[in-house]
Amino acid sequence: MFTISTIAQPDTLEAAYKVLKEKRSNAVLGGCAYLRMGTQKIHTGVDLTKLGLKYIKEQDNCIEIGAMTSFRDVETNQVLNKYAGGLLAKAVAGIIGVQFRNAVTVGASVFMRYGFSDFLTALLALDAEVELVQGGRMTLAAFLDMPRSKDVLTKVIIHKTEGQASYQALRNSAGDYPLVTVAVSRLNNEWKIVVGARPTRAKLAGRAAALLNEAGTLLGAELAEQAAQTAADELPFGSNRRASAAYRQAVAQTLIKRAIMEVAACK
Ligand SMILES: Cc1cc2nc3c(=O)[nH]c(=O)nc-3n(C[C@H](O)[C@H](O)[C@H](O)COP(=O)(O)OP(=O)(O)OC[C@H]3O[C@@H](n4cnc5c(N)ncnc54)[C@H](O)[C@@H]3O)c2cc1C
């Protein structure tokens with residue numbers, strides 16, 4: 001179990017970042033579900049609850065999700081359920097159970113870039129940005145390529161680009177970590193294919209998406225199969241105790257094809 005010596009409840013984001021940087025062992029507290037699994041000795045836990053970061057706001061061109069928003073908020077929010085086929089809501093709905101999803105936060109899930117993350121896989125298929133106190137605003141793809149540093153993730157911004165998306169994942173049993181996650185989107189007529197839990201972090205399959213983009217409206221089952229195979233070939237897969245690399249690759253190919261056909265069928 002992790003331990004915390006003292007708690008700070010800053011009133012501003014700048015104060016939160018200042019406390020975080022004061023000591024190496026200071027850490028931001030999200031829903032604490034993941035922290036609870038470890039043995040980290042935290043000097044000052046930076047509690048963000050006074051900063052008003054638990055929200056989902058629909059703006060004219062985007063949807064903003066505050067860092068302290070829970071997965072249950074994402075799952076039940078009407079705006080997110082309507083956008084891109086409810087991709088984000090569908091991605092989180094299979095994670096453990098309702099009580100768990102009421103606790104875990106969007107900020108921690110994105111900031112930590114977990115390889116197994118259902119949420120990150122789905123988010124990468126959308127037109128998304130993140131905002132950090134020190135790092136500022138950047139695309140999610142740029143954030144994922146950055147080396148990790150101490151910072152506070154304040155919100156996720158999703159541009160409301162028109163389109164559809166599909167989420168697919170396979171677990172050995174309900175409530176387990178996924179052994180492969182797949183999100184496919186067609187936003188503004190541009191395809192994106194994302195595969196996560198490989199078991200490493202979610203990644204875009206660029207060559208496979210290019211095949212679909214070149215085909216335009218001529219997409220059929222054969223091309224979907226070809227794109228799925230290209231995606232499964234261009235991304236690296238690894239083994240762990242949940243599945244072998246070969247099994248993950250085969251499952252990913254099937255899920256990608258399924259997701260492409262689902263998106264293609266949407267008008
Ligand atoms: C048993 C278990 C099973 C899980 N299964 C799945 C699954 O199947 N699919 C899935 O997608 N996810 C799964 N998760 C991960 C979960 O969904 C959350 O992503 C994870 O628990 C982190 O959220 P939290 O709010 O609990 O973070 P915390 O435990 O509070 O924090 C985790 C880390 O993030 C840092 N942090 C927190 N908030 C911020 C912030 N705003 N800015 C910067 N750093 C921050 C903390 O300092 C800490 O280092 C699982 C987690 C657990 C514990």
# chains A, B, ... in the order shown; residues from 1 in each chain; ligands from 1
>>> residues_near_ligand(ligand="ligand 1", cutoff="8 Å", atoms="only C-alpha atoms and all ligand atoms", output="PyMOL selection string")
chain A and resi 27-37+48+67-68+70-71+91-92+94-96+101+103-112+114+116-120+132+150-155+175-178
>>> write_last_selection(atoms="N, CA and C atoms", output="short mmCIF file (atom, residue, chain, number, x, y, z; two decimals), in the first residue's frame")
data_model
loop_
_atom_site.label_atom_id
_atom_site.label_comp_id
_atom_site.auth_asym_id
_atom_site.auth_seq_id
_atom_site.Cartn_x
_atom_site.Cartn_y
_atom_site.Cartn_z
N ALA A 27 3.45 13.88 -5.22
CA ALA A 27 2.70 13.32 -6.36
C ALA A 27 1.26 13.83 -6.39
N VAL A 28 0.74 13.98 -7.59
CA VAL A 28 -0.67 14.36 -7.78
C VAL A 28 -1.54 13.16 -7.40
N LEU A 29 -2.68 13.42 -6.79
CA LEU A 29 -3.63 12.35 -6.46
C LEU A 29 -4.82 12.43 -7.41
N GLY A 30 -5.08 11.36 -8.13
CA GLY A 30 -6.31 11.27 -8.93
C GLY A 30 -7.34 10.55 -8.09
N GLY A 31 -7.84 9.44 -8.62
CA GLY A 31 -8.79 8.64 -7.84
C GLY A 31 -8.09 7.66 -6.90
N CYS A 32 -6.77 7.60 -7.00
CA CYS A 32 -5.88 6.77 -6.13
C CYS A 32 -6.06 5.26 -6.32
N ALA A 33 -6.79 4.82 -7.34
CA ALA A 33 -6.97 3.38 -7.54
C ALA A 33 -5.66 2.72 -7.95
N TYR A 34 -4.91 3.38 -8.81
CA TYR A 34 -3.65 2.79 -9.26
C TYR A 34 -2.56 2.96 -8.21
N LEU A 35 -2.53 4.12 -7.57
CA LEU A 35 -1.54 4.37 -6.51
C LEU A 35 -1.68 3.31 -5.42
N ARG A 36 -2.91 2.93 -5.11
CA ARG A 36 -3.20 1.95 -4.06
C ARG A 36 -2.56 0.59 -4.34
N MET A 37 -2.30 0.30 -5.60
CA MET A 37 -1.72 -0.99 -5.95
C MET A 37 -0.22 -1.04 -5.69
N LEU A 48 -6.29 17.64 -6.10
CA LEU A 48 -6.76 18.66 -7.06
C LEU A 48 -8.24 19.01 -6.86
N ALA A 67 -9.52 17.06 -15.77
CA ALA A 67 -8.66 15.96 -15.32
C ALA A 67 -9.30 15.10 -14.22
N MET A 68 -10.13 15.70 -13.37
CA MET A 68 -10.70 14.94 -12.25
C MET A 68 -12.04 14.28 -12.61
N SER A 70 -14.45 11.48 -13.74
CA SER A 70 -14.32 10.02 -13.58
C SER A 70 -14.71 9.30 -14.87
N PHE A 71 -14.30 8.05 -14.99
CA PHE A 71 -14.69 7.25 -16.15
C PHE A 71 -16.20 7.04 -16.18
N ALA A 91 -15.52 2.75 -24.72
CA ALA A 91 -14.17 2.29 -24.36
C ALA A 91 -14.02 2.06 -22.85
N VAL A 92 -14.67 2.91 -22.06
CA VAL A 92 -14.47 2.78 -20.60
C VAL A 92 -15.49 1.83 -19.95
N GLY A 94 -16.23 -1.19 -20.12
CA GLY A 94 -15.85 -2.56 -19.74
C GLY A 94 -14.80 -2.60 -18.63
N ILE A 95 -14.45 -1.45 -18.07
CA ILE A 95 -13.35 -1.44 -17.07
C ILE A 95 -13.91 -1.76 -15.67
N ILE A 96 -13.57 -2.93 -15.18
CA ILE A 96 -13.92 -3.44 -13.84
C ILE A 96 -15.42 -3.33 -13.51
N ARG A 101 -15.23 2.69 -11.71
CA ARG A 101 -15.25 3.76 -12.72
C ARG A 101 -15.68 5.09 -12.11
N ALA A 103 -14.46 6.15 -9.41
CA ALA A 103 -13.29 6.68 -8.70
C ALA A 103 -12.16 7.10 -9.65
N VAL A 104 -11.90 6.32 -10.69
CA VAL A 104 -10.70 6.59 -11.49
C VAL A 104 -10.89 7.81 -12.39
N THR A 105 -9.80 8.51 -12.61
CA THR A 105 -9.90 9.81 -13.28
C THR A 105 -9.26 9.83 -14.67
N VAL A 106 -9.79 10.72 -15.49
CA VAL A 106 -9.30 10.91 -16.85
C VAL A 106 -7.86 11.43 -16.83
N GLY A 107 -7.57 12.40 -15.95
CA GLY A 107 -6.24 13.03 -15.91
C GLY A 107 -5.14 12.01 -15.68
N ALA A 108 -5.32 11.16 -14.67
CA ALA A 108 -4.30 10.15 -14.35
C ALA A 108 -4.15 9.17 -15.51
N SER A 109 -5.27 8.75 -16.07
CA SER A 109 -5.26 7.73 -17.11
C SER A 109 -4.51 8.21 -18.35
N VAL A 110 -4.69 9.48 -18.70
CA VAL A 110 -4.00 10.01 -19.89
C VAL A 110 -2.54 10.31 -19.54
N PHE A 111 -2.33 10.97 -18.39
CA PHE A 111 -0.96 11.37 -18.04
C PHE A 111 -0.02 10.17 -17.93
N MET A 112 -0.53 9.06 -17.37
CA MET A 112 0.34 7.91 -17.12
C MET A 112 0.59 7.06 -18.37
N TYR A 114 -0.72 4.48 -19.76
CA TYR A 114 -0.66 3.03 -19.53
C TYR A 114 -0.81 2.28 -20.86
N PHE A 116 -2.07 -0.61 -21.33
CA PHE A 116 -3.34 -1.34 -21.40
C PHE A 116 -4.55 -0.42 -21.50
N SER A 117 -4.34 0.88 -21.60
CA SER A 117 -5.46 1.82 -21.43
C SER A 117 -6.51 1.76 -22.55
N ASP A 118 -7.72 1.44 -22.16
CA ASP A 118 -8.85 1.49 -23.09
C ASP A 118 -9.10 2.94 -23.51
N PHE A 119 -9.07 3.84 -22.53
CA PHE A 119 -9.40 5.25 -22.77
C PHE A 119 -8.42 5.88 -23.77
N LEU A 120 -7.14 5.63 -23.57
CA LEU A 120 -6.11 6.23 -24.43
C LEU A 120 -6.24 5.72 -25.88
N LEU A 132 -1.47 20.82 -20.10
CA LEU A 132 -0.68 20.59 -18.87
C LEU A 132 -0.31 21.95 -18.29
N LYS A 150 7.59 15.77 -14.57
CA LYS A 150 6.59 16.10 -13.55
C LYS A 150 5.71 17.23 -14.04
N ASP A 151 4.43 17.02 -14.08
CA ASP A 151 3.51 18.07 -14.53
C ASP A 151 2.11 17.70 -14.05
N VAL A 152 1.17 18.60 -14.23
CA VAL A 152 -0.22 18.31 -13.88
C VAL A 152 -1.04 18.40 -15.16
N LEU A 153 -1.71 17.32 -15.51
CA LEU A 153 -2.59 17.35 -16.68
C LEU A 153 -3.92 17.96 -16.22
N THR A 154 -4.35 19.01 -16.89
CA THR A 154 -5.55 19.73 -16.43
C THR A 154 -6.81 19.35 -17.21
N LYS A 155 -6.67 19.12 -18.51
CA LYS A 155 -7.86 18.73 -19.29
C LYS A 155 -7.50 18.06 -20.61
N GLY A 175 -13.58 -7.76 -16.53
CA GLY A 175 -12.90 -7.16 -15.38
C GLY A 175 -11.39 -7.28 -15.44
N ASP A 176 -10.88 -8.12 -16.34
CA ASP A 176 -9.42 -8.25 -16.49
C ASP A 176 -8.91 -7.07 -17.33
N TYR A 177 -7.59 -6.88 -17.35
CA TYR A 177 -7.00 -5.91 -18.28
C TYR A 177 -7.23 -6.43 -19.70
N PRO A 178 -7.39 -5.53 -20.68
CA PRO A 178 -7.57 -6.01 -22.05
C PRO A 178 -6.28 -6.61 -22.61
#
>>> residues_around(residues="region 214-222 of chain A", least_positions_apart="4", cutoff="8 Å", atoms="only C-alpha atoms", output="VMD selection string")
chain A and resid 210 226 261 264
>>> closest_residue(among="A:Pro147, A:Gly238, A:Gly115, A:Gly163", to="Ala197 (chain A)", atoms="only C-alpha atoms")
A:Gly115
>>> residues_around(residues="Lys203 (chain A)", least_positions_apart="5", cutoff="9 Å", atoms="only C-alpha atoms", output="MDAnalysis selection string")
chainID A and resid 121 124 141 193:196 235
>>> write_last_selection(atoms="N, CA and C atoms", output="mmCIF file, in the first residue's frame")
data_model
loop_
_atom_site.group_PDB
_atom_site.id
_atom_site.type_symbol
_atom_site.label_atom_id
_atom_site.label_comp_id
_atom_site.auth_asym_id
_atom_site.auth_seq_id
_atom_site.Cartn_x
_atom_site.Cartn_y
_atom_site.Cartn_z
ATOM 1 N N THR A 121 -6.547 4.453 -26.035
ATOM 2 C CA THR A 121 -6.723 3.886 -27.385
ATOM 3 C C THR A 121 -7.829 4.639 -28.116
ATOM 4 N N LEU A 124 -6.970 8.434 -28.898
ATOM 5 C CA LEU A 124 -6.006 8.629 -29.986
ATOM 6 C C LEU A 124 -6.681 8.543 -31.356
ATOM 7 N N ALA A 141 -1.083 13.063 -29.684
ATOM 8 C CA ALA A 141 0.000 12.305 -30.331
ATOM 9 C C ALA A 141 1.356 12.881 -29.933
ATOM 10 N N ILE A 193 -6.575 4.341 -37.450
ATOM 11 C CA ILE A 193 -6.627 3.005 -36.841
ATOM 12 C C ILE A 193 -5.650 3.005 -35.665
ATOM 13 N N VAL A 194 -6.147 2.678 -34.473
ATOM 14 C CA VAL A 194 -5.297 2.677 -33.277
ATOM 15 C C VAL A 194 -5.351 1.294 -32.630
ATOM 16 N N VAL A 195 -4.185 0.788 -32.254
ATOM 17 C CA VAL A 195 -4.152 -0.487 -31.523
ATOM 18 C C VAL A 195 -3.369 -0.278 -30.227
ATOM 19 N N GLY A 196 -3.976 -0.688 -29.116
ATOM 20 C CA GLY A 196 -3.325 -0.574 -27.810
ATOM 21 C C GLY A 196 -3.205 -1.927 -27.142
ATOM 22 N N LEU A 235 2.544 -2.759 -36.884
ATOM 23 C CA LEU A 235 2.710 -2.434 -35.460
ATOM 24 C C LEU A 235 3.408 -3.584 -34.722
#
>>> atom_distance(atom1="CA of Gly38 (chain A)", atom2="CA of Phe2 (chain A)")
5.7 Å
>>> residues_around(residues="Glu75 (chain A)", least_positions_apart="5", cutoff="8 Å", atoms="only C-alpha atoms", output="PDB file with N, CA, C and O atoms, in the first residue's frame")
ATOM      1  N   LEU A  80     -20.931  12.971 -24.833  1.00  0.00           N
ATOM      2  CA  LEU A  80     -19.928  11.978 -25.248  1.00  0.00           C
ATOM      3  C   LEU A  80     -20.576  10.726 -25.816  1.00  0.00           C
ATOM      4  O   LEU A  80     -20.007  10.061 -26.681  1.00  0.00           O
ATOM      5  N   ASN A  81     -21.761  10.414 -25.347  1.00  0.00           N
ATOM      6  CA  ASN A  81     -22.460   9.239 -25.889  1.00  0.00           C
ATOM      7  C   ASN A  81     -22.927   9.464 -27.315  1.00  0.00           C
ATOM      8  O   ASN A  81     -23.132   8.507 -28.065  1.00  0.00           O
ATOM      9  N   LEU A  88     -15.795   7.075 -26.704  1.00  0.00           N
ATOM     10  CA  LEU A  88     -15.134   7.122 -25.388  1.00  0.00           C
ATOM     11  C   LEU A  88     -15.950   6.396 -24.327  1.00  0.00           C
ATOM     12  O   LEU A  88     -15.407   5.674 -23.486  1.00  0.00           O
ATOM     13  N   ALA A  89     -17.267   6.593 -24.378  1.00  0.00           N
ATOM     14  CA  ALA A  89     -18.145   5.939 -23.401  1.00  0.00           C
ATOM     15  C   ALA A  89     -18.042   4.421 -23.531  1.00  0.00           C
ATOM     16  O   ALA A  89     -17.952   3.689 -22.537  1.00  0.00           O
ATOM     17  N   LYS A  90     -18.010   3.940 -24.773  1.00  0.00           N
ATOM     18  CA  LYS A  90     -17.911   2.488 -25.014  1.00  0.00           C
ATOM     19  C   LYS A  90     -16.555   1.955 -24.538  1.00  0.00           C
ATOM     20  O   LYS A  90     -16.466   0.843 -24.024  1.00  0.00           O
ATOM     21  N   VAL A  92     -14.669   2.911 -22.059  1.00  0.00           N
ATOM     22  CA  VAL A  92     -14.473   2.778 -20.595  1.00  0.00           C
ATOM     23  C   VAL A  92     -15.492   1.832 -19.949  1.00  0.00           C
ATOM     24  O   VAL A  92     -15.280   1.377 -18.822  1.00  0.00           O
ATOM     25  N   ALA A  93     -16.580   1.542 -20.666  1.00  0.00           N
ATOM     26  CA  ALA A  93     -17.693   0.791 -20.039  1.00  0.00           C
ATOM     27  C   ALA A  93     -17.307  -0.607 -19.561  1.00  0.00           C
ATOM     28  O   ALA A  93     -17.948  -1.149 -18.661  1.00  0.00           O
TER      29      ALA A  93
END
>>> residues_around(residues="Lys18 (chain A)", least_positions_apart="2", cutoff="12 Å", atoms="only C-alpha atoms", output="number ranges by chain")
A: 8-16, 20-24, 26-28, 44, 46, 133-134, 150-152
>>> atom_distance(atom1="CA of Val98 (chain A)", atom2="CA of Arg171 (chain A)")
17.5 Å
>>> select_by_dssp(residues="region 30-179 of chain A", states="alpha helix (DSSP H)", output="VMD selection string")
chain A and resid 71 to 76 78 to 82 87 to 92 98 to 103 106 to 112 118 to 124 140 to 145
>>> closest_residue(among="A:Leu140, A:Val251, A:Val182, A:Leu223", to="Ala205 (chain A)", atoms="only C-alpha atoms")
A:Val182
>>> atom_distance(atom1="CA of Glu190 (chain A)", atom2="CA of Leu123 (chain A)")
15.4 Å
